[in-house]
There are 2 protein chains.
Amino acid sequence: MNGRHSGRPTLEEVALRAGVGRGTVSRVINGSPRVSDRAKAAVEAAIAELGYVPNRAARALAGNRTDAIALVIPEPETRLFAEPYFSDIIRGIGAELADTDMQLLLTLIRTPKERARFAQYLAAHRVDGVLLVSVHEDDPLPDLLEQLEMPAVLNGRRSDLESVSYVDADNVGGARAAVAHLIARGRRQVATITGPPDMYVARSRLDGYRQAVEAAAGGLDSGFDTALVARGDFTEEGGRRAMRELLVRRPGIDAVFAASDVMAAGARAVLRETGRRVPDDVALVGFEDSAIARHMDPALTSVRQPTEEMGRTMARVLLEEIAERESVRRHVVLATELVQRDSV
Amino acid sequence: MNGRHSGRPTLEEVALRAGVGRGTVSRVINGSPRVSDRAKAAVEAAIAELGYVPNRAARALAGNRTDAIALVIPEPETRLFAEPYFSDIIRGIGAELADTDMQLLLTLIRTPKERARFAQYLAAHRVDGVLLVSVHEDDPLPDLLEQLEMPAVLNGRRSDLESVSYVDADNVGGARAAVAHLIARGRRQVATITGPPDMYVARSRLDGYRQAVEAAAGGLDSGFDTALVARGDFTEEGGRRAMRELLVRRPGIDAVFAASDVMAAGARAVLRETGRRVPDDVALVGFEDSAIARHMDPALTSVRQPTEEMGRTMARVLLEEIAERESVRRHVVLATELVQRDSV
DNA sequence: ATGAAAGCGCTAACAC
DNA sequence: GTGTTAGCGCTTTCAT
């Protein structure tokens with residue numbers, strides 16, 4: 001008998017008050033159908049009167065679960081992936097979790113050492129599931145998760161054959177729509193600035209560009225032309241470099257589709273420096289990962305991703321995976337939207 | 001005897017392997033000095049061999065603590081407080097927590113109902129401490145935290161007499177520096193766009209403005225003049241409205257200090273619409289809560305807040321409060337920096 | 001349908 | 001110093 005008692009009512013006290021056994025109280029709390037209405041009512045009354053709140057730690061210990069999921073954010077990416085992405089995703093996750101009593105753990109992973117530590121966490125089953133954002137092709141975490149049979153959902157995928165559940169934006173479709181838009185407006189030399197080719201998202205957006213170009217038939221000066229493709233790295237400086245390259249290779253360019261709005265910002269700066277009017281001389285459409293496009297130039301057309309919805313969907317999918325014991329992989333691709341804010 | 005055993009080694013197995021009792025293992029894990037070097041070595045070896053990781057739930061249950069802290073974010077604010085603030089704070093907290101084995105719980109609070117639910121969490125002692133951002137004057141949470149004697153740290157304060165621990169930026173000093181800068185550059189009619197007067201941060205920035213104006217003596221056309229003070233609400237539209245008002249009241253304004261960069265953006269738009277050149281005709285300095293200033297106009301001077309450091313400091317202060325049992329309140333004010341990016 | 005009882009893995013008090 | 005033991009509050013058989 002020690003004085004550790006926290007002062008909060010326990011399940012046992014509820015049972016006493018309701019005049020039932022602890023097992024019954026537990027069943028009521030967990031919504032078991034095997035309780036009489038009478039007992040259920042008594043228990044619920046007792047819970048309300050006592051202001052009983054189950055002890056999470058005890059539950060976790062006895063039930064071998066944690067009622068918590070982790071959102072893993074590779075630190076280097078939090079800067080690159082511009083900020084609204086980050087908070088939109090979190091908002092979405094939060095919205096989905098609101099009615100649950102799942103908790104959201106935020107895990108920033110900066111170094112391999114921290115990754116190792118997180119792997120320990122996972123192995124020790126300290127969370128019921130994991131949400132991963134900005135996953136790189138060579139990220140070891142998804143495979144680890146799979147080995148551990150830990151429910152997990154990625155935002156984006158590592159490749160076409162992604163084996164782990166994921167929620168992704170329709171990058172191909174978004175890019176295609178953007179380029180088709182430019183072509184429909186009469187642009188005849190549409191270039192593109194891509195992301196690093198080892199990122200699936202970059203390849204997808206390039207695919208979309210290519211599809212639109214190839215579908216254009218005679219609407220363009222040429223078919224798919226590698227001279228109109230410049231490689232960026234999703235940074236503004238990368239966008240600048242790519243734009244300069246493009247202007248050297250094809251000075252007559254009259255439109256650019258950038259695989260990210262940050263690169264679009266870089267491209268825009270270069271275009272202006274070289275005396276081109278944007279969007280009149282050279283129209284610019286970017287994939288909107290951040291809100292930079294909006295702030296930089298509220299009139300710029302861009303491909304909007306449903307970031308918050310991605311967050312919601314990720315959480316929903318993860319909860320489903322946790323609920324069923326089997327690991328059925330789910331793949332969800334959400335539509336993007338071409339937000340036309342200019343009259344190019 | 002049931003098959004629930006998770007497969008992970010337990011403290012007991014470590015004890016067996018090391019040839020000591022469970023108590024000793026526990027002492028080693030928790031860094032108690034009351035263990036012989038011999039025993040300690042044996043235990044550590046066993047831990048390494050078995051790959052033992054303590055079970056958090058069991059620890060929490062037995063030790064009546066959770067090794068987790070919550071970061072509470074009032075949902076309505078996440079949009080208002082522009083995004084980089086948010087991720088910088090989190091980055092800072094994460095950095096500070098990295099060497100700890102504290103977990104960070106993210107709690108979005110959207111509605112009074114959710115707040116009530118969170119209060120339950122707190123009462124049930126599901127976290128060891130709480131970090132609060134963007135606290136309003138009438139927010140009931142800080143007082144609740146105090147009643148519960150739950151360690152807590154705010155970012156910002158509700159008033160001069162804040163009773164809960166807080167970490168804040170030097171709003172008065174930052175504003176004063178900004179206005180002094182404008183005056184030093186020869187501006188003679190410096191206006192200000194404030195935030196809502198029921199927010200301490202807004203009042204502080206106005207105080208700084210006032211101090212600088214009053215210190216300027218003959219450097220300005222007039223002393224502190226309420227006609228040069230327009231009220232905004234930290235939104236861009238609010239900045240616009242305030243700027244229009246100011247131009248009606250004092251068309252000769254040649255400088256504006258905005259209490260946030262979002263409002264500065266609004267003001268800038270209005271200035272340009274009315275044919276003023278920025279910064280030549282009217283110089284603009286804003287408090288940089290977001291990175292909007294940087295993106296919108298990389299050359300704009302602004303008052304930079306050490307957001308990431310605020311996050312780190314908040315976490316550090318909270319950990320200290322948790323470590324000592326007494327609740328000593330700490331108040332930390334971090335310096336801001338005037339980042340001069342133009343030559344106004 | 002429900003009470004009793006056996007743990008879940010750990011901490012901390014207690015004895016030696 | 002170290003082993004032993006009694007819980008922490010809950011879930012989950014197992015009887016009944």
# chains A, B, ... in the order shown; residues from 1 in each chain; ligands from 1
$ interface_residues --of "chain B" --to "chain C" --cutoff "7 Å" --atoms "only C-alpha atoms (C1' of nucleotides)" --output "ChimeraX atom specification"
/B:10,55,58-59,62-63
$ write_last_selection --atoms "C-alpha atoms" --output "JSON list (two decimals), in the first residue's frame"
[["chain", "number", "residue", "atom", "x", "y", "z"],
["B", 10, "THR", "CA", 11.91, -8.05, -20.89],
["B", 55, "ASN", "CA", 8.66, -1.05, -22.52],
["B", 58, "ALA", "CA", 5.04, -0.50, -18.37],
["B", 59, "ARG", "CA", 7.36, 2.26, -17.28],
["B", 62, "ALA", "CA", 4.67, 1.84, -12.78],
["B", 63, "GLY", "CA", 6.41, 5.17, -12.63]]
$ interface_residues --of "chain B" --to "chain A" --cutoff "8 Å" --atoms "only C-alpha atoms" --output "ChimeraX atom specification"
/B:4,8,53-58,60-61,64,66,78,83-84,86-87,91,94,98,103-108,114,120,124,126,292,295-296
$ write_last_selection --atoms "N, CA and C atoms" --output "JSON list (two decimals), in the first residue's frame"
[["chain", "number", "residue", "atom", "x", "y", "z"],
["B", 4, "ARG", "N", 0.66, -13.89, -25.24],
["B", 4, "ARG", "CA", 0.75, -12.47, -25.58],
["B", 4, "ARG", "C", 2.18, -11.96, -25.66],
["B", 8, "ARG", "N", 9.85, -9.55, -27.59],
["B", 8, "ARG", "CA", 10.95, -8.69, -27.17],
["B", 8, "ARG", "C", 11.39, -9.10, -25.78],
["B", 53, "VAL", "N", 15.01, -3.26, -25.09],
["B", 53, "VAL", "CA", 14.49, -1.89, -25.07],
["B", 53, "VAL", "C", 13.35, -1.85, -24.07],
["B", 54, "PRO", "N", 13.43, -0.96, -23.10],
["B", 54, "PRO", "CA", 12.39, -0.92, -22.07],
["B", 54, "PRO", "C", 11.01, -0.68, -22.67],
["B", 55, "ASN", "N", 10.04, -1.25, -22.09],
["B", 55, "ASN", "CA", 8.66, -1.05, -22.52],
["B", 55, "ASN", "C", 8.11, 0.23, -21.88],
["B", 56, "ARG", "N", 7.79, 1.14, -22.76],
["B", 56, "ARG", "CA", 7.35, 2.45, -22.31],
["B", 56, "ARG", "C", 6.07, 2.41, -21.49],
["B", 57, "ALA", "N", 5.16, 1.61, -21.95],
["B", 57, "ALA", "CA", 3.85, 1.57, -21.28],
["B", 57, "ALA", "C", 4.03, 1.07, -19.85],
["B", 58, "ALA", "N", 4.83, 0.06, -19.71],
["B", 58, "ALA", "CA", 5.04, -0.50, -18.37],
["B", 58, "ALA", "C", 5.70, 0.54, -17.47],
["B", 60, "ALA", "N", 5.58, 3.76, -17.81],
["B", 60, "ALA", "CA", 4.62, 4.82, -17.53],
["B", 60, "ALA", "C", 3.67, 4.39, -16.42],
["B", 61, "LEU", "N", 3.22, 3.16, -16.53],
["B", 61, "LEU", "CA", 2.26, 2.66, -15.55],
["B", 61, "LEU", "C", 2.87, 2.59, -14.15],
["B", 64, "ASN", "N", 4.29, 6.23, -13.02],
["B", 64, "ASN", "CA", 3.36, 7.35, -13.03],
["B", 64, "ASN", "C", 3.91, 8.56, -13.76],
["B", 66, "THR", "N", 5.05, 9.70, -18.15],
["B", 66, "THR", "CA", 4.78, 9.24, -19.51],
["B", 66, "THR", "C", 5.96, 9.43, -20.44],
["B", 78, "THR", "N", -3.17, 28.19, -36.85],
["B", 78, "THR", "CA", -2.13, 27.64, -37.70],
["B", 78, "THR", "C", -2.09, 28.31, -39.06],
["B", 83, "GLU", "N", 3.17, 29.91, -41.85],
["B", 83, "GLU", "CA", 3.67, 28.55, -41.71],
["B", 83, "GLU", "C", 5.12, 28.37, -41.24],
["B", 84, "PRO", "N", 6.02, 29.16, -41.72],
["B", 84, "PRO", "CA", 7.39, 28.91, -41.27],
["B", 84, "PRO", "C", 7.53, 28.99, -39.76],
["B", 86, "PHE", "N", 5.51, 27.90, -37.62],
["B", 86, "PHE", "CA", 5.08, 26.59, -37.17],
["B", 86, "PHE", "C", 6.21, 25.55, -37.30],
["B", 87, "SER", "N", 6.76, 25.46, -38.49],
["B", 87, "SER", "CA", 7.76, 24.40, -38.67],
["B", 87, "SER", "C", 9.08, 24.75, -37.99],
["B", 91, "ARG", "N", 10.86, 22.42, -35.35],
["B", 91, "ARG", "CA", 12.25, 22.04, -35.56],
["B", 91, "ARG", "C", 13.06, 22.28, -34.29],
["B", 94, "GLY", "N", 12.14, 19.77, -31.64],
["B", 94, "GLY", "CA", 12.69, 18.48, -32.01],
["B", 94, "GLY", "C", 14.18, 18.40, -31.71],
["B", 98, "ALA", "N", 15.89, 15.75, -29.06],
["B", 98, "ALA", "CA", 16.58, 14.65, -29.75],
["B", 98, "ALA", "C", 17.40, 13.78, -28.80],
["B", 103, "GLN", "N", 8.97, 12.02, -25.84],
["B", 103, "GLN", "CA", 8.26, 12.03, -27.10],
["B", 103, "GLN", "C", 7.46, 13.30, -27.22],
["B", 104, "LEU", "N", 7.26, 13.69, -28.47],
["B", 104, "LEU", "CA", 6.49, 14.90, -28.72],
["B", 104, "LEU", "C", 5.13, 14.53, -29.28],
["B", 105, "LEU", "N", 4.11, 14.92, -28.56],
["B", 105, "LEU", "CA", 2.74, 14.69, -29.03],
["B", 105, "LEU", "C", 2.21, 15.96, -29.63],
["B", 106, "LEU", "N", 1.60, 15.84, -30.78],
["B", 106, "LEU", "CA", 1.05, 17.02, -31.43],
["B", 106, "LEU", "C", -0.44, 17.03, -31.18],
["B", 107, "THR", "N", -0.93, 18.11, -30.64],
["B", 107, "THR", "CA", -2.36, 18.19, -30.33],
["B", 107, "THR", "C", -2.96, 19.42, -30.98],
["B", 108, "LEU", "N", -3.80, 19.21, -31.95],
["B", 108, "LEU", "CA", -4.49, 20.34, -32.57],
["B", 108, "LEU", "C", -5.82, 20.53, -31.86],
["B", 114, "GLU", "N", -13.03, 19.84, -28.23],
["B", 114, "GLU", "CA", -11.71, 19.23, -28.25],
["B", 114, "GLU", "C", -10.86, 19.74, -27.10],
["B", 120, "GLN", "N", -9.17, 16.59, -20.24],
["B", 120, "GLN", "CA", -9.24, 15.24, -19.67],
["B", 120, "GLN", "C", -7.89, 14.55, -19.75],
["B", 124, "ALA", "N", -5.76, 13.24, -16.65],
["B", 124, "ALA", "CA", -5.41, 11.83, -16.55],
["B", 124, "ALA", "C", -3.90, 11.64, -16.60],
["B", 126, "ARG", "N", -1.56, 12.21, -18.92],
["B", 126, "ARG", "CA", -1.07, 11.43, -20.05],
["B", 126, "ARG", "C", 0.16, 12.07, -20.67],
["B", 292, "ILE", "N", 7.01, 35.36, -45.61],
["B", 292, "ILE", "CA", 6.38, 36.04, -46.73],
["B", 292, "ILE", "C", 7.23, 37.21, -47.20],
["B", 295, "HIS", "N", 9.95, 36.02, -49.47],
["B", 295, "HIS", "CA", 9.56, 35.57, -50.79],
["B", 295, "HIS", "C", 8.99, 36.69, -51.62],
["B", 296, "MET", "N", 8.19, 37.49, -50.97],
["B", 296, "MET", "CA", 7.48, 38.53, -51.67],
["B", 296, "MET", "C", 8.43, 39.56, -52.20]]
$ select_by_dssp --residues "range 25-246 of chain B" --states "strand (DSSP E)" --output "PyMOL selection string"
chain B and resi 68-74+103-109+129-132+152-155+165-169+190-194+229-231
$ residues_around --residues "Arg17 in chain B" --least-positions-apart "4" --cutoff "10 Å" --atoms "only C-alpha atoms (C1' of nucleotides)" --output "list of chain:residue names"
B:Leu11, B:Glu12, B:Glu13, B:Gly21, B:Ala42, B:Val43, B:Ala45, B:Ala46, B:Ile47, B:Glu49, B:Leu50
$ write_last_selection --atoms "N, CA, C and O atoms" --output "compact mmCIF listing (two decimals), in the first residue's frame"
# COMPACT_ATOMS: atom_id res chain seq x y z
N LEU B 11 12.74 -6.96 -19.00
CA LEU B 11 13.71 -6.65 -17.95
C LEU B 11 14.08 -7.92 -17.19
O LEU B 11 15.24 -8.13 -16.82
N GLU B 12 13.14 -8.76 -17.00
CA GLU B 12 13.38 -10.00 -16.26
C GLU B 12 14.39 -10.89 -16.97
O GLU B 12 15.28 -11.48 -16.35
N GLU B 13 14.25 -10.98 -18.27
CA GLU B 13 15.19 -11.81 -19.03
C GLU B 13 16.60 -11.23 -18.96
O GLU B 13 17.59 -11.96 -18.90
N GLY B 21 19.26 -9.41 -9.99
CA GLY B 21 17.82 -9.29 -9.78
C GLY B 21 17.23 -8.20 -10.67
O GLY B 21 17.94 -7.38 -11.23
N ALA B 42 27.72 -6.13 -16.15
CA ALA B 42 27.03 -7.36 -16.52
C ALA B 42 25.67 -7.04 -17.14
O ALA B 42 25.27 -7.60 -18.18
N VAL B 43 24.97 -6.13 -16.51
CA VAL B 43 23.64 -5.75 -17.01
C VAL B 43 23.74 -5.12 -18.38
O VAL B 43 23.00 -5.46 -19.31
N ALA B 45 25.98 -5.51 -20.58
CA ALA B 45 26.32 -6.52 -21.58
C ALA B 45 25.06 -7.30 -21.97
O ALA B 45 24.78 -7.51 -23.16
N ALA B 46 24.31 -7.69 -20.97
CA ALA B 46 23.09 -8.46 -21.24
C ALA B 46 22.12 -7.65 -22.09
O ALA B 46 21.52 -8.18 -23.03
N ILE B 47 22.01 -6.38 -21.77
CA ILE B 47 21.11 -5.52 -22.54
C ILE B 47 21.53 -5.48 -24.00
O ILE B 47 20.70 -5.62 -24.91
N GLU B 49 23.41 -7.64 -25.63
CA GLU B 49 23.26 -8.95 -26.28
C GLU B 49 21.82 -9.24 -26.66
O GLU B 49 21.54 -9.77 -27.73
N LEU B 50 20.92 -8.92 -25.76
CA LEU B 50 19.52 -9.23 -26.00
C LEU B 50 18.82 -8.17 -26.86
O LEU B 50 17.73 -8.40 -27.36
$ interface_residues --of "chain D" --to "chain A" --cutoff "9 Å" --atoms "only C-alpha atoms (C1' of nucleotides)" --output "PyMOL selection string"
chain D and resi 6-12
$ residues_around --residues "Gly266 in chain B" --least-positions-apart "5" --cutoff "9 Å" --atoms "only C-alpha atoms (C1' of nucleotides)" --output "ChimeraX atom specification"
/B:235-243,261,271
$ residues_around --residues "Glu214 in chain B" --least-positions-apart "3" --cutoff "8 Å" --atoms "only C-alpha atoms (C1' of nucleotides)" --output "list in words"
Arg210, Gln211, Ala217, Gly223 and Phe224 of chain B
$ atom_distance --atom1 "CA of Val317 in chain B" --atom2 "CA of Val127 in chain A"
26.8 Å
$ atom_distance --atom1 "CA of Val333 in chain B" --atom2 "CA of Ala255 in chain B"
27.6 Å
